[in-house]
Each structure stands twice: as C-alpha cells, then as structure tokens.
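J.: Here you go, work_2.csv (CSV, C-alpha atoms and all ligand atoms):
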chain,number,residue,atom,x,y,z
L,1,MET,CA,21.5,7.3,26.2
L,2,ALA,CA,20.0,4.1,25.1
L,3,LYS,CA,22.0,1.8,22.9
L,4,VAL,CA,21.0,2.8,19.4
L,5,LYS,CA,20.5,0.1,16.8
L,6,GLY,CA,18.3,1.7,14.2
L,7,ASP,CA,17.5,5.1,12.7
L,8,ILE,CA,15.2,6.6,10.2
L,9,ILE,CA,15.3,9.5,7.7
L,10,VAL,CA,12.0,11.3,6.9
L,11,ASP,CA,11.4,13.2,3.8
L,12,ILE,CA,9.4,15.8,5.7
L,13,GLU,CA,8.1,17.8,2.7
L,14,LYS,CA,6.4,14.7,1.3
L,15,CYS,CA,4.9,13.7,4.7
L,16,LYS,CA,1.1,14.2,5.0
L,17,GLY,CA,0.9,14.0,8.7
L,18,CYS,CA,-1.5,11.0,8.7
L,19,GLU,CA,0.0,9.7,11.9
L,20,LEU,CA,-0.2,6.0,10.8
L,21,CYS,CA,3.5,5.6,11.4
L,22,VAL,CA,3.2,7.0,14.9
L,23,VAL,CA,0.9,4.3,16.1
L,24,ALA,CA,2.8,1.6,14.1
L,25,CYS,CA,6.0,2.3,16.0
L,26,PRO,CA,6.5,-0.2,18.8
L,27,GLN,CA,9.1,2.0,20.5
L,28,GLY,CA,7.1,5.2,20.6
L,29,ALA,CA,10.1,6.8,18.9
L,30,ILE,CA,8.2,9.1,16.6
L,31,ALA,CA,5.5,11.7,16.7
L,32,LEU,CA,4.1,14.6,14.6
L,33,SER,CA,6.0,17.8,14.9
L,34,ASP,CA,4.4,21.0,16.1
L,35,ASN,CA,5.8,22.6,13.0
L,36,ILE,CA,4.3,22.2,9.5
L,37,ASN,CA,5.8,21.5,6.1
L,38,LYS,CA,5.2,23.4,2.9
L,39,LYS,CA,2.0,21.5,2.3
L,40,GLY,CA,0.7,22.6,5.7
L,41,TYR,CA,0.9,19.2,7.3
L,42,HIS,CA,2.4,18.4,10.7
L,43,TYR,CA,5.2,16.2,9.6
L,44,MET,CA,6.6,13.2,11.4
L,45,ILE,CA,9.7,13.5,13.5
L,46,LYS,CA,11.7,11.4,16.0
L,47,ILE,CA,11.2,12.2,19.6
L,48,LYS,CA,13.3,9.4,21.2
L,49,ASP,CA,16.6,7.8,20.4
L,50,ASN,CA,15.4,4.2,20.8
L,51,CYS,CA,14.6,3.2,17.2
L,52,THR,CA,15.3,-0.4,16.5
L,53,GLY,CA,15.1,-0.2,12.7
L,54,CYS,CA,12.1,-2.5,12.6
L,55,GLU,CA,10.7,-0.9,9.5
L,56,ASN,CA,7.1,-0.8,10.7
L,57,CYS,CA,6.7,3.0,10.2
L,58,ALA,CA,8.0,2.7,6.6
L,59,LEU,CA,5.7,-0.2,5.8
L,60,VAL,CA,2.5,1.6,6.8
L,61,CYS,CA,3.5,5.0,5.3
L,62,PRO,CA,1.2,5.6,2.3
L,63,ASP,CA,3.6,8.3,0.9
L,64,ALA,CA,6.8,6.3,1.1
L,65,VAL,CA,8.7,9.0,2.9
L,66,ILE,CA,10.7,7.0,5.4
L,67,THR,CA,14.1,5.4,4.9
L,68,VAL,CA,15.2,2.9,7.6
L,69,TYR,CA,18.7,1.9,8.8
L,70,ARG,CA,19.5,-0.9,11.2
L,71,LYS,CA,22.8,-1.9,12.7
L,72,SER,CA,22.9,-5.7,12.9
L,73,GLY,CA,23.8,-7.2,16.2
L,74,LYS,CA,26.9,-9.0,14.8
L,75,LYS,CA,30.2,-7.2,15.1
L,76,LYS,CA,31.0,-5.6,11.8
L,77,GLU,CA,34.3,-4.0,10.9
L,78,LYS,CA,33.9,-0.3,10.7
L,79,ILE,CA,33.7,0.6,7.0
L,80,ALA,CA,32.2,4.1,6.9
L,81,THR,CA,34.6,6.9,7.0
L,82,ILE,CA,33.6,10.5,7.7
L,83,SER,CA,33.5,11.4,4.0
L,84,ASN,CA,31.5,8.2,3.3
L,85,VAL,CA,29.0,9.2,5.9
L,86,GLN,CA,28.6,12.6,4.4
L,87,ASN,CA,28.2,11.3,0.9
L,88,ASN,CA,25.5,9.0,2.0
L,89,MET,CA,23.7,11.7,3.9
L,90,THR,CA,23.6,14.0,1.0
L,91,MET,CA,22.3,11.2,-1.1
L,92,GLU,CA,19.5,10.2,1.3
L,93,VAL,CA,18.3,13.6,2.4
L,94,ASN,CA,17.2,15.8,-0.4
K,1,MET,CA,14.0,17.5,28.6
K,2,ASP,CA,10.2,17.2,28.0
K,3,GLU,CA,8.6,16.2,24.8
K,4,LYS,CA,8.1,19.7,23.6
K,5,ASP,CA,11.8,20.6,23.8
K,6,LEU,CA,12.6,17.4,22.0
K,7,LYS,CA,10.3,18.3,19.2
K,8,LEU,CA,12.0,21.6,18.7
K,9,ASN,CA,15.4,20.0,18.5
K,10,GLU,CA,14.3,17.9,15.5
K,11,THR,CA,17.7,17.1,14.0
K,12,GLU,CA,19.3,16.2,17.3
K,13,PHE,CA,18.9,12.4,16.9
K,14,LEU,CA,20.4,11.9,13.4
K,15,ASN,CA,22.8,9.1,14.1
K,16,GLU,CA,25.4,9.6,11.5
K,17,ASP,CA,27.1,6.3,12.2
K,18,ILE,CA,23.8,4.4,11.5
K,19,CYS,CA,22.4,6.3,8.5
K,20,VAL,CA,25.0,4.8,6.1
K,21,ALA,CA,24.5,2.7,3.1
K,22,GLU,CA,25.8,-0.4,4.8
K,23,TYR,CA,23.0,-0.4,7.3
K,24,LEU,CA,20.2,0.6,4.9
K,25,VAL,CA,17.3,-1.9,5.4
K,26,TYR,CA,14.4,-0.1,3.8
K,27,LYS,CA,14.0,2.6,1.2
K,28,LYS,CA,11.3,3.6,-1.2
K,29,PRO,CA,11.4,1.5,-4.5
K,30,GLU,CA,13.0,3.4,-7.4
K,31,THR,CA,10.0,2.4,-9.7
K,32,LEU,CA,7.7,4.4,-7.5
K,33,ILE,CA,8.3,7.7,-9.1
K,34,ASP,CA,9.5,10.4,-6.7
K,35,ILE,CA,6.6,12.8,-7.0
K,36,ASP,CA,3.8,13.6,-4.5
K,37,LEU,CA,1.0,11.1,-4.6
K,38,HIS,CA,-2.4,12.9,-5.0
K,39,TYR,CA,-4.1,10.6,-2.5
K,40,CYS,CA,-5.6,12.0,0.8
K,41,PRO,CA,-3.4,11.7,3.9
K,42,GLY,CA,-3.4,8.1,5.2
K,43,CYS,CA,-5.1,6.5,2.1
K,44,GLY,CA,-4.2,2.9,1.5
K,45,HIS,CA,-3.8,3.3,-2.2
K,46,GLY,CA,-0.3,4.7,-1.6
K,47,VAL,CA,0.7,1.6,0.4
K,48,VAL,CA,-0.5,-0.8,-2.3
K,49,HIS,CA,1.2,1.2,-5.1
K,50,ARG,CA,4.5,1.0,-3.1
K,51,LEU,CA,4.1,-2.7,-2.4
K,52,LEU,CA,3.5,-3.5,-6.1
K,53,MET,CA,6.7,-1.6,-7.1
K,54,GLU,CA,8.7,-3.2,-4.3
K,55,VAL,CA,7.8,-6.7,-5.5
K,56,ILE,CA,8.3,-5.9,-9.1
K,57,GLU,CA,11.8,-4.5,-8.3
K,58,GLU,CA,12.8,-7.3,-6.0
K,59,MET,CA,11.6,-10.0,-8.5
K,60,ASN,CA,13.6,-8.2,-11.2
K,61,ILE,CA,10.6,-8.0,-13.6
K,62,VAL,CA,10.4,-4.3,-14.2
K,63,ASP,CA,10.8,-4.8,-17.9
K,64,LYS,CA,8.4,-7.7,-18.1
K,65,VAL,CA,5.4,-6.2,-16.2
K,66,ILE,CA,2.5,-4.3,-17.8
K,67,GLY,CA,-0.1,-2.7,-15.5
K,68,VAL,CA,-3.6,-1.7,-16.3
K,69,ALA,CA,-4.9,1.4,-14.4
K,70,PRO,CA,-8.6,1.8,-13.5
K,71,VAL,CA,-11.0,4.7,-13.2
K,72,GLY,CA,-11.4,5.8,-9.6
K,73,CYS,CA,-9.0,7.5,-7.2
K,74,SER,CA,-6.2,5.4,-8.6
K,75,VAL,CA,-6.8,6.6,-12.2
K,76,PHE,CA,-3.4,8.2,-12.1
K,77,ALA,CA,-1.6,5.0,-11.0
K,78,TYR,CA,0.4,5.2,-14.3
K,79,ASN,CA,1.9,8.5,-13.2
K,80,TYR,CA,3.4,6.9,-10.1
K,81,MET,CA,4.5,3.5,-11.4
K,82,ASP,CA,7.6,3.6,-13.6
K,83,ILE,CA,6.7,0.5,-15.6
K,84,ASP,CA,4.6,0.0,-18.8
K,85,MET,CA,1.0,0.9,-18.1
K,86,GLN,CA,-2.3,1.2,-19.9
K,87,GLU,CA,-5.4,3.1,-18.8
K,88,ALA,CA,-8.7,1.3,-19.2
K,89,ALA,CA,-12.3,2.7,-19.3
K,90,HIS,CA,-14.2,2.4,-16.1
K,91,GLY,CA,-14.6,-1.2,-15.1
K,92,ARG,CA,-12.9,-2.6,-18.2
K,93,ALA,CA,-9.4,-3.2,-16.8
K,94,THR,CA,-9.7,-7.0,-17.0
K,95,ALA,CA,-10.9,-6.9,-20.6
K,96,VAL,CA,-8.0,-4.7,-21.5
K,97,ALA,CA,-5.6,-6.9,-19.6
K,98,THR,CA,-7.0,-9.9,-21.5
K,99,GLY,CA,-6.1,-8.3,-24.8
K,100,ILE,CA,-2.6,-7.4,-23.5
K,101,LYS,CA,-1.8,-10.8,-22.1
K,102,ARG,CA,-3.1,-12.7,-25.1
K,103,VAL,CA,-1.0,-10.6,-27.5
K,104,LEU,CA,2.0,-10.6,-25.3
K,105,PRO,CA,1.8,-13.8,-23.3
K,106,ASP,CA,5.4,-13.5,-22.1
K,107,LYS,CA,4.6,-10.3,-20.2
K,108,LEU,CA,3.4,-10.3,-16.6
K,109,VAL,CA,0.2,-8.4,-16.5
K,110,PHE,CA,-1.8,-7.0,-13.6
K,111,THR,CA,-4.9,-4.8,-13.2
K,112,TYR,CA,-5.3,-2.3,-10.3
K,113,GLN,CA,-9.0,-1.6,-9.6
K,114,GLY,CA,-11.2,-0.2,-6.9
K,115,ASP,CA,-14.4,-1.8,-5.8
K,116,GLY,CA,-16.7,0.5,-7.8
K,117,ASP,CA,-14.6,-0.2,-10.8
K,118,LEU,CA,-14.3,-4.0,-10.4
K,119,ALA,CA,-17.4,-4.9,-8.5
K,120,ALA,CA,-20.0,-2.5,-9.9
K,121,ILE,CA,-19.6,-1.2,-13.4
K,122,GLY,CA,-17.0,-3.8,-14.3
K,123,THR,CA,-18.6,-6.9,-12.7
K,124,ALA,CA,-19.2,-8.6,-16.1
K,125,GLU,CA,-15.7,-8.1,-17.3
K,126,THR,CA,-14.3,-9.3,-13.9
K,127,ILE,CA,-16.3,-12.4,-13.7
K,128,HIS,CA,-15.8,-13.4,-17.4
K,129,ALA,CA,-12.1,-12.8,-17.3
K,130,CYS,CA,-11.9,-15.0,-14.2
K,131,ASN,CA,-14.2,-17.6,-15.8
K,132,ARG,CA,-11.9,-17.7,-18.8
K,133,GLY,CA,-9.0,-18.2,-16.4
K,134,GLU,CA,-7.1,-15.3,-17.9
K,135,ASN,CA,-3.5,-15.6,-16.8
K,136,PHE,CA,-3.0,-12.3,-15.0
K,137,LEU,CA,-3.2,-10.7,-11.5
K,138,ILE,CA,-6.2,-8.6,-10.4
K,139,VAL,CA,-5.4,-6.2,-7.5
K,140,PHE,CA,-8.7,-5.3,-6.0
K,141,ILE,CA,-8.8,-2.3,-3.6
K,142,ASN,CA,-11.9,-2.6,-1.5
K,143,ASN,CA,-12.6,0.6,0.4
K,144,ALA,CA,-16.4,0.0,0.4
K,145,VAL,CA,-17.2,3.2,-1.4
K,146,TYR,CA,-16.8,5.1,-4.7
K,147,GLY,CA,-13.9,7.2,-3.3
K,148,MET,CA,-13.2,9.4,-6.3
K,149,THR,CA,-16.8,10.6,-6.9
K,150,SER,CA,-17.2,11.5,-3.2
K,151,GLY,CA,-18.2,8.4,-1.3
K,152,GLN,CA,-21.4,6.9,-2.9
K,153,MET,CA,-22.5,3.4,-1.9
K,154,ALA,CA,-20.6,0.7,-3.7
K,155,PRO,CA,-21.8,-3.0,-4.0
K,156,THR,CA,-19.2,-3.7,-1.3
K,157,THR,CA,-20.6,-1.1,1.2
K,158,LEU,CA,-21.3,-2.8,4.6
K,159,PRO,CA,-24.9,-3.2,5.8
K,160,GLY,CA,-25.8,-0.1,7.8
K,161,MET,CA,-22.8,1.9,6.6
K,162,VAL,CA,-23.4,5.6,6.0
K,163,THR,CA,-22.4,6.9,2.6
K,164,THR,CA,-23.5,9.9,0.6
K,165,THR,CA,-26.2,7.8,-1.2
K,166,THR,CA,-27.2,5.9,2.0
K,167,PRO,CA,-27.3,8.7,4.5
K,168,PHE,CA,-29.3,6.6,6.9
K,169,GLY,CA,-27.0,3.6,6.5
K,170,ARG,CA,-27.2,0.9,3.8
K,171,ASP,CA,-30.6,-0.7,3.9
K,172,THR,CA,-30.1,-4.2,2.5
K,173,SER,CA,-33.9,-4.6,1.8
K,174,ILE,CA,-33.6,-1.8,-0.8
K,175,THR,CA,-30.0,-2.0,-2.0
K,176,GLY,CA,-29.2,-5.7,-1.7
K,177,PHE,CA,-26.3,-7.2,0.1
K,178,PRO,CA,-22.5,-6.5,-0.1
K,179,LEU,CA,-21.1,-8.4,-3.0
K,180,LYS,CA,-18.2,-10.7,-1.9
K,181,ILE,CA,-16.5,-10.8,-5.3
K,182,SER,CA,-13.5,-12.8,-4.0
K,183,GLU,CA,-15.6,-15.6,-2.7
K,184,LEU,CA,-17.6,-15.5,-5.9
K,185,VAL,CA,-14.7,-15.8,-8.3
K,186,ALA,CA,-13.0,-18.4,-6.2
K,187,GLN,CA,-15.7,-20.9,-7.3
K,188,LEU,CA,-14.5,-20.6,-10.9
K,189,PRO,CA,-12.1,-23.3,-12.2
K,190,GLY,CA,-10.0,-20.9,-14.1
K,191,VAL,CA,-9.0,-19.0,-11.0
K,192,CYS,CA,-6.0,-20.3,-9.2
K,193,TYR,CA,-5.4,-17.9,-6.3
K,194,VAL,CA,-7.7,-15.7,-4.3
K,195,THR,CA,-6.7,-14.1,-1.1
K,196,ARG,CA,-7.9,-11.2,1.1
K,197,THR,CA,-5.5,-8.9,2.9
K,198,SER,CA,-5.4,-5.4,4.3
K,199,VAL,CA,-2.8,-2.7,4.7
K,200,HIS,CA,-3.9,-1.2,8.0
K,201,THR,CA,-1.0,-2.6,10.1
K,202,ALA,CA,2.6,-3.3,9.4
K,203,GLY,CA,2.0,-7.1,9.7
K,204,ASN,CA,-0.8,-6.9,7.2
K,205,VAL,CA,1.3,-4.8,4.9
K,206,ARG,CA,3.9,-7.6,5.0
K,207,ARG,CA,1.3,-10.3,4.2
K,208,THR,CA,-0.1,-8.2,1.3
K,209,LYS,CA,3.4,-8.0,-0.2
K,210,LYS,CA,3.9,-11.8,0.1
K,211,ALA,CA,0.5,-12.3,-1.6
K,212,ILE,CA,1.6,-10.1,-4.6
K,213,GLN,CA,4.9,-12.0,-4.8
K,214,LYS,CA,3.1,-15.3,-4.9
K,215,ALA,CA,0.6,-14.1,-7.5
K,216,PHE,CA,3.4,-13.1,-9.9
K,217,GLU,CA,5.1,-16.5,-9.4
K,218,TYR,CA,1.8,-18.3,-10.2
K,219,GLN,CA,1.5,-16.1,-13.3
K,220,MET,CA,5.0,-17.1,-14.4
K,221,GLN,CA,3.8,-20.7,-14.1
K,222,ASN,CA,0.7,-20.0,-16.2
K,223,LYS,CA,-1.6,-21.1,-13.4
K,224,GLY,CA,-4.6,-18.9,-14.2
K,225,THR,CA,-6.3,-15.9,-12.7
K,226,CYS,CA,-5.0,-14.5,-9.4
K,227,LEU,CA,-7.1,-12.0,-7.4
K,228,ILE,CA,-5.8,-10.2,-4.3
K,229,GLU,CA,-8.5,-8.2,-2.5
K,230,VAL,CA,-6.9,-5.6,-0.3
K,231,LEU,CA,-9.2,-4.0,2.4
K,232,SER,CA,-8.3,-0.3,2.3
K,233,ASN,CA,-9.5,2.8,4.0
K,234,CYS,CA,-11.0,6.0,2.6
K,235,PRO,CA,-10.7,8.4,5.5
K,236,SER,CA,-12.0,11.3,3.4
K,237,ASN,CA,-15.3,9.8,2.4
K,238,TRP,CA,-15.7,7.7,5.6
K,239,LYS,CA,-15.4,11.1,7.3
K,240,MET,CA,-12.8,9.8,9.7
K,241,THR,CA,-9.2,10.5,10.6
K,242,PRO,CA,-6.7,8.1,9.1
K,243,LEU,CA,-6.3,6.4,12.5
K,244,GLU,CA,-10.1,6.1,12.9
K,245,SER,CA,-10.4,4.7,9.4
K,246,ASN,CA,-7.9,1.9,10.2
K,247,LYS,CA,-9.8,1.1,13.4
K,248,PHE,CA,-12.9,0.8,11.2
K,249,ILE,CA,-11.1,-1.7,9.0
K,250,GLU,CA,-10.2,-3.7,12.1
K,251,GLU,CA,-13.6,-3.6,13.8
K,252,GLU,CA,-16.1,-3.4,10.9
K,253,MET,CA,-14.5,-4.4,7.6
K,254,ILE,CA,-12.5,-7.5,8.7
K,255,PRO,CA,-15.4,-9.2,10.6
K,256,PHE,CA,-17.5,-8.9,7.4
K,257,TYR,CA,-14.6,-9.6,4.9
K,258,PRO,CA,-12.4,-12.0,6.7
K,259,LEU,CA,-8.7,-11.9,5.8
K,260,GLY,CA,-6.8,-14.9,4.5
K,261,ASP,CA,-6.5,-17.2,1.5
K,262,ILE,CA,-9.8,-18.1,-0.1
K,263,LYS,CA,-8.3,-20.3,-2.8
K,264,VAL,CA,-4.8,-21.6,-3.4
K,265,PRO,CA,-3.4,-23.7,-6.2
K,266,LYS,CA,-4.1,-27.4,-5.7
K,267,GLU,CA,-0.6,-28.7,-4.9
K,268,GLU,CA,-0.3,-26.2,-2.1
K,269,LYS,CA,-3.4,-27.4,-0.1
L,301,LIG,C1,-18.4,5.1,-17.5
L,301,LIG,C2,-18.2,5.9,-16.3
L,301,LIG,N1,-19.2,5.8,-15.3
L,301,LIG,C3,-19.1,6.5,-14.2
L,301,LIG,C4,-17.9,7.2,-13.9
L,301,LIG,C5,-17.8,8.0,-12.6
L,301,LIG,N2,-16.9,7.4,-11.7
L,301,LIG,C6,-15.6,7.7,-11.6
L,301,LIG,S1,-14.8,6.9,-10.4
L,301,LIG,C7,-16.2,6.1,-10.0
L,301,LIG,C8,-16.1,5.1,-8.9
L,301,LIG,C9,-14.8,4.8,-8.3
L,301,LIG,O1,-14.9,4.0,-7.2
L,301,LIG,P1,-13.8,2.8,-7.0
L,301,LIG,O2,-13.6,2.0,-8.2
L,301,LIG,O3,-14.3,2.1,-5.7
L,301,LIG,O4,-12.4,3.6,-6.7
L,301,LIG,P2,-12.0,4.4,-5.4
L,301,LIG,O5,-12.1,5.8,-5.9
L,301,LIG,O6,-12.9,4.1,-4.3
L,301,LIG,O7,-10.6,4.0,-5.2
L,301,LIG,C10,-17.2,6.5,-10.8
L,301,LIG,C11,-18.6,5.9,-10.6
L,301,LIG,C12,-16.9,7.3,-14.9
L,301,LIG,N3,-15.8,7.9,-14.8
L,301,LIG,N4,-17.1,6.6,-16.1
L,302,LIG,S1,11.9,1.7,12.4
L,302,LIG,FE1,10.6,0.8,14.0
L,302,LIG,S2,11.4,1.6,15.9
L,302,LIG,FE2,12.3,2.9,14.3
L,302,LIG,S3,10.9,4.7,14.2
L,302,LIG,FE3,10.2,3.2,12.6
L,302,LIG,S4,8.6,1.9,13.7
L,302,LIG,FE4,9.8,3.0,15.3
L,303,LIG,S1,2.9,7.6,7.8
L,303,LIG,FE1,4.1,8.7,6.3
L,303,LIG,S2,2.8,10.4,5.6
L,303,LIG,FE2,1.9,9.6,7.5
L,303,LIG,S3,2.7,10.8,9.1
L,303,LIG,FE3,4.0,9.1,9.0
L,303,LIG,S4,5.7,9.7,7.6
L,303,LIG,FE4,4.0,11.2,7.4
L,304,LIG,S1,-11.0,9.8,-1.6
L,304,LIG,FE1,-10.7,8.0,-0.3
L,304,LIG,S2,-9.8,6.5,-1.7
L,304,LIG,FE2,-9.7,8.5,-2.7
L,304,LIG,S3,-7.6,9.2,-2.2
L,304,LIG,FE3,-9.0,10.1,-0.7
L,304,LIG,S4,-9.0,8.6,1.0
L,304,LIG,FE4,-8.1,7.6,-0.8
L,305,MG,MG,-13.7,2.3,-3.8
Would you write out, as structure tokens, the structure that this file holds?

T.:
Amino acid sequence: MAKVKGDIIVDIEKCKGCELCVVACPQGAIALSDNINKKGYHYMIKIKDNCTGCENCALVCPDAVITVYRKSGKKKEKIATISNVQNNMTMEVN
Amino acid sequence: MDEKDLKLNETEFLNEDICVAEYLVYKKPETLIDIDLHYCPGCGHGVVHRLLMEVIEEMNIVDKVIGVAPVGCSVFAYNYMDIDMQEAAHGRATAVATGIKRVLPDKLVFTYQGDGDLAAIGTAETIHACNRGENFLIVFINNAVYGMTSGQMAPTTLPGMVTTTTPFGRDTSITGFPLKISELVAQLPGVCYVTRTSVHTAGNVRRTKKAIQKAFEYQMQNKGTCLIEVLSNCPSNWKMTPLESNKFIEEEMIPFYPLGDIKVPKEEK
C-alpha cells in the first residue's frame, strides 16, 4: 500500500455528481460511484489510496461537500487516541 | 482488484489515523449554511459563495459584513450566507449597497451580481456607483447568459455564441458587441481595484479567493470601489456537461475576457 499522507471525507448525499473534483485531482484518487445518492446523482468516491491532501477537489467543488485531511511530513507526536478518532469521525460524517 | 471492485468497497479507504481534527486542512466554512444549494450540478455560483464565506470567516469580519443579493440564479444567496444580507431589485444592487454603506460606513459591504443583473438592466447603477467611487466590493459573476430565465443572450455573450435568443449565434451587426464592464469601469478614478478571475480550476479558485481578500482589505482602507469579475459556467443553459462548460471557459471565455488585474491601487503598481 502506498504511503498515505492525505484523506478526504465526502458528504455523499449533498454531492451532485458534477465530476469537477475528479478531473481536478492530480492523483486520480477519486471517481464517481456506480451507485446513486438520494437525489439520484452518482456521488464521488475514492478509488485509490494515494490522496496527498492537496485540497484541489474541495476547492473546485461547487457544493462544498469535501473535507480534506493532511498529515504533515514532520514527525508529530501521536495525539489521537482511539476514542478521539471516533469522536472526530462522528463529528465529520453526518 | 479492478476499479469496479474498488468502487463497490467504498468505505475501505477511510484512514482513521488521518481523518482526525489535528490533520484537518480544509472544511466547508460555517457561514455557508449547511443546506443543499439549489444550483445546477457544477455551477460556479456555489464556488464563489463558498469563497466569499471562507474569506469573511478567515478575516474575522462575519459581524461586520453586509451582502446585497441580486436577481438571477443567485437570488437566494441570502439563504446560504449566514451574514447580514439585503435583497435588491433586479440590477439595483449597487444602488442599495450605496445606501447601506453611506448609512453604515463602518460595515464592509459587497454586492453579488450576475452579468444580466449588473451589465444589462443595472448598467446605469453599476457605472454611477463606480463613478462615485462608492467604497464597497462588487462581485460580478459573468456566465455570458441570463441563467435564471433560461439562457437568453446577455450583453456579455460572446460573438457567435448560441443562446436561446441567438439560436444562430450572436450576430454583432444586430446585437452589438460584448460589453467589457470591468475594462470600462477601470477607467473611472473612483475605482481602486478591478480584476478578472475564474473558478474553473483549483489554481483559479485560489486566485479568486486572494482577490476577494484584497478587495475587503482595500475597503477597510477606504480606497474606493472594487470589482471582481469571475468568469463562471452555466452548464444547463450552455447545454453542456459541467466538464465541457469548464473547457468552454478555458477555450472561449478566457481568450475574450483575459484573466488578471485590470486596475490595482496606485502604490502597488
Ligand atoms: C425588473 C425585472 N426584469 C426582468 C426580470 C427577469 N429576470 C430574472 S433573472 C434575469 C437575468 C439574470 O441573469 P444574470 O444576472 O446573468 O444571472 P444568472 O442567472 O446568469 O446568474 C432576468 C432578466 C426580473 N426578475 N425583474
Ligand atoms: S485532496 Fe488532492 S489528492 Fe486528495 S482526493 Fe482531493 S484532489 Fe485528490
Ligand atoms: S465536485 Fe463536489 S458535487 Fe461535484 S462530483 Fe465532486 S464532490 Fe460531487
Ligand atoms: S442555470 Fe446556469 S447559472 Fe443558473 S444555477 Fe444552473 S448552471 Fe448555474
Ligand atoms: Mg448570467
């Protein structure tokens, strides 16, 4: 598995499947799903694990559905505990 | 695993050690209200709404800003922006903003207007507000058509461009030439900052955000009128996919409406 530096969370129900993020991603990490959301749009998903957290997808998204995370190169002391992780997850994913 | 399998295993890649608050680098601004935007898929209006709210949040001016919404597709801008807002009659946003700014000079005022609103029905208001050097920001969304009313020709429609009222392409011998409002108002001494940007690529989105930031800074320094023209797409009325419409911006709009600063405050030259 490639060394992961970034990640995104997509609010799939708000996505309108415009595909602008897909062409904006320099890593080819995202695509439209074969499935559709409640609105009937093919929503955006990750298809590869090589996101760098560059924010491009989030910047071009007209519906502001993407949240981006990036682990900086510098060594950081591990802060997140399991419970922390879960709290954050439930906060971000609705 | 081929792409198909990957797509079915959609949650497989959630990296729980990365998606933590510590590593958060981008999230939707809070002032952009968390409801579905009514805009068509891929429409640039959404991007510019978001950028405005990002800048206002980052500059910590949420309580100081008053926006004026137009008539056009973005008529409901006030439903999405969690700041003080006032709706104006079609084309009159700069007249309304003049009133607001003169009564409340300490507030930071902006108008948000389409090309039909600002450059057709509201041309007089736009030009005279600029000529008076009213100290506010005009955000001008140029998508070359009347989007809301189903894609009629606007003064900004490109020569030869097909719209519902120019089904054979805009014939400049009958309808005149595209009005370059930004170049026009840049001549006026009261105007301090005019720039043209776009939101069709990530780099251009970043530049548009910088421009909005600068414009609010100039307004704080009472420098005069600022106008940011944002080239935007209208996939629905251009009868294109969002991707095709962004290509149209790159290949047709930008050659006619070149991006970049048209006027900057004197000391910056
Ligand atoms: C006084 C008045 N005249 C005409 C209209 C009809 N009308 C509504 S929106 C619009 C044009 C909007 O185009 P634009 O400003 O470019 O905004 P867009 O929808 O493209 O973002 C027109 C002519 C109106 N609402 N009020
Ligand atoms: S953050 Fe960058 S690398 Fe990651 S999915 Fe978005 S565009 Fe691709
Ligand atoms: S840009 Fe936004 S709305 Fe469009 S497909 Fe990507 S996530 Fe969905
Ligand atoms: S009609 Fe055009 S400008 Fe209006 S929301 Fe749809 S794409 Fe955007
Ligand atoms: Mg328009």

J.: Find, counting all atoms listed in the file, the residue in K:Glu244, K:Glu87, K:Glu183, K:Asp63 that gets nearest to chain L.

T.: K:Glu244

J.: What does the distance from atom CA of Thr195 of chain K to atom CA of Gly147 of chain K come to in Å, to one decimal?

T.: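 Between these atoms lies a distance of 22.6 Å.
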
J.: If the cut-off is 7 Å, can you tell me the residues of chain K near chain L, counting only C-alpha atoms? I'd like them as a PyMOL selection string.

T.: chain K and resi 6-7+10+13+15-16+18-21+23-28+36-37+41-44+46-47+201-202+205+242-243

J.: Would you mind listing the residues within 6 Å of ligand LIG 304 (chain L), counting only C-alpha atoms and all ligand atoms, as a list of chain:residue names?

T.: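 Here is the list of contacting residues: K:Tyr39, K:Cys40, K:Cys43, K:Cys73, K:Gly147, K:Met148, K:Cys234, K:Pro235, K:Ser236, K:Asn237.
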
J.: Skipping near chain neighbours, those fewer than 5 positions away, what residues fall within 9 Å of Phe76 of chain K using all atoms listed in the file, listed as a list in words?

T.: His38, Ala69, Pro70, Val71 and Glu87 of chain K

J.: Work out how far atom CA of Asp11 of chain L is from atom CA of Asn143 of chain K, in Å to one decimal.

T.: 27.3 Å

J.: When you draw a straight line from atom CA of Thr163 of chain K to atom CA of Ser232 of chain K, how long is it in Å?

T.: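 Between atom CA of Thr163 of chain K and atom CA of Ser232 of chain K the gap works out to 15.8 Å.
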
J.: Which residues are near ligand LIG 301 (chain L) in this structure, taking near to mean any atom at most 7 Å from a ligand atom and counting all atoms listed in the file? Format them as a list of chain:residue names.

T.: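 These are the residues that qualify: K:Val71, K:Gly72, K:Cys73, K:Ser74, K:Ala89, K:His90, K:Gln113, K:Gly114, K:Asp115, K:Gly116, K:Asp117, K:Leu118, K:Ile141, K:Asn142, K:Asn143, K:Ala144, K:Val145, K:Tyr146, K:Gly147, K:Met148, K:Thr149, K:Ala154.
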
J.: With all atoms listed in the file as the atoms that count, which of K:Ile138, K:Met59, K:Leu158, K:Met153 lies nearest to ligand MG 305 (chain L)?

T.: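 Under the stated criterion, the closest residue is K:Met153.
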
J.: Compare K:Leu179, K:Met253, K:Leu14, K:Leu52 by their minimum atom-to-atom distance to ligand LIG 302 (chain L), counting only C-alpha atoms and all ligand atoms, and give me the closest one.

T.: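 Answer, going by the shortest atom-to-atom distance: K:Leu14.
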
J.: Using only C-alpha atoms, which residues sit within 12 Å of Ile174 of chain K once same-chain residues fewer than 6 positions away are excluded, as JSON, numbers by chain?

T.: {"K": [159, 160, 166]}

J.: Which residues are close to Lys107 of chain K, i.e. within 6 Å by all atoms listed in the file, leaving aside same-chain residues fewer than 2 positions away? Reply as a list in words.

T.: Lys64, Val65, Leu104 and Pro105 of chain K

J.: Pick the closest to ligand LIG 302 (chain L) from K:Pro258, K:Gly203, K:Asp17, K:Pro178: which is it, counting all atoms listed in the file?

T.: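 Closest to ligand LIG 302 (chain L) of all the choices is K:Gly203.
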
J.: Find the residues around segment 78-86 of chain K up to 6 Å (all atoms listed in the file counted), leave out those fewer than 5 positions away in its own chain, and share them as a PyMOL selection string.

T.: chain K and resi 31-33+66-68
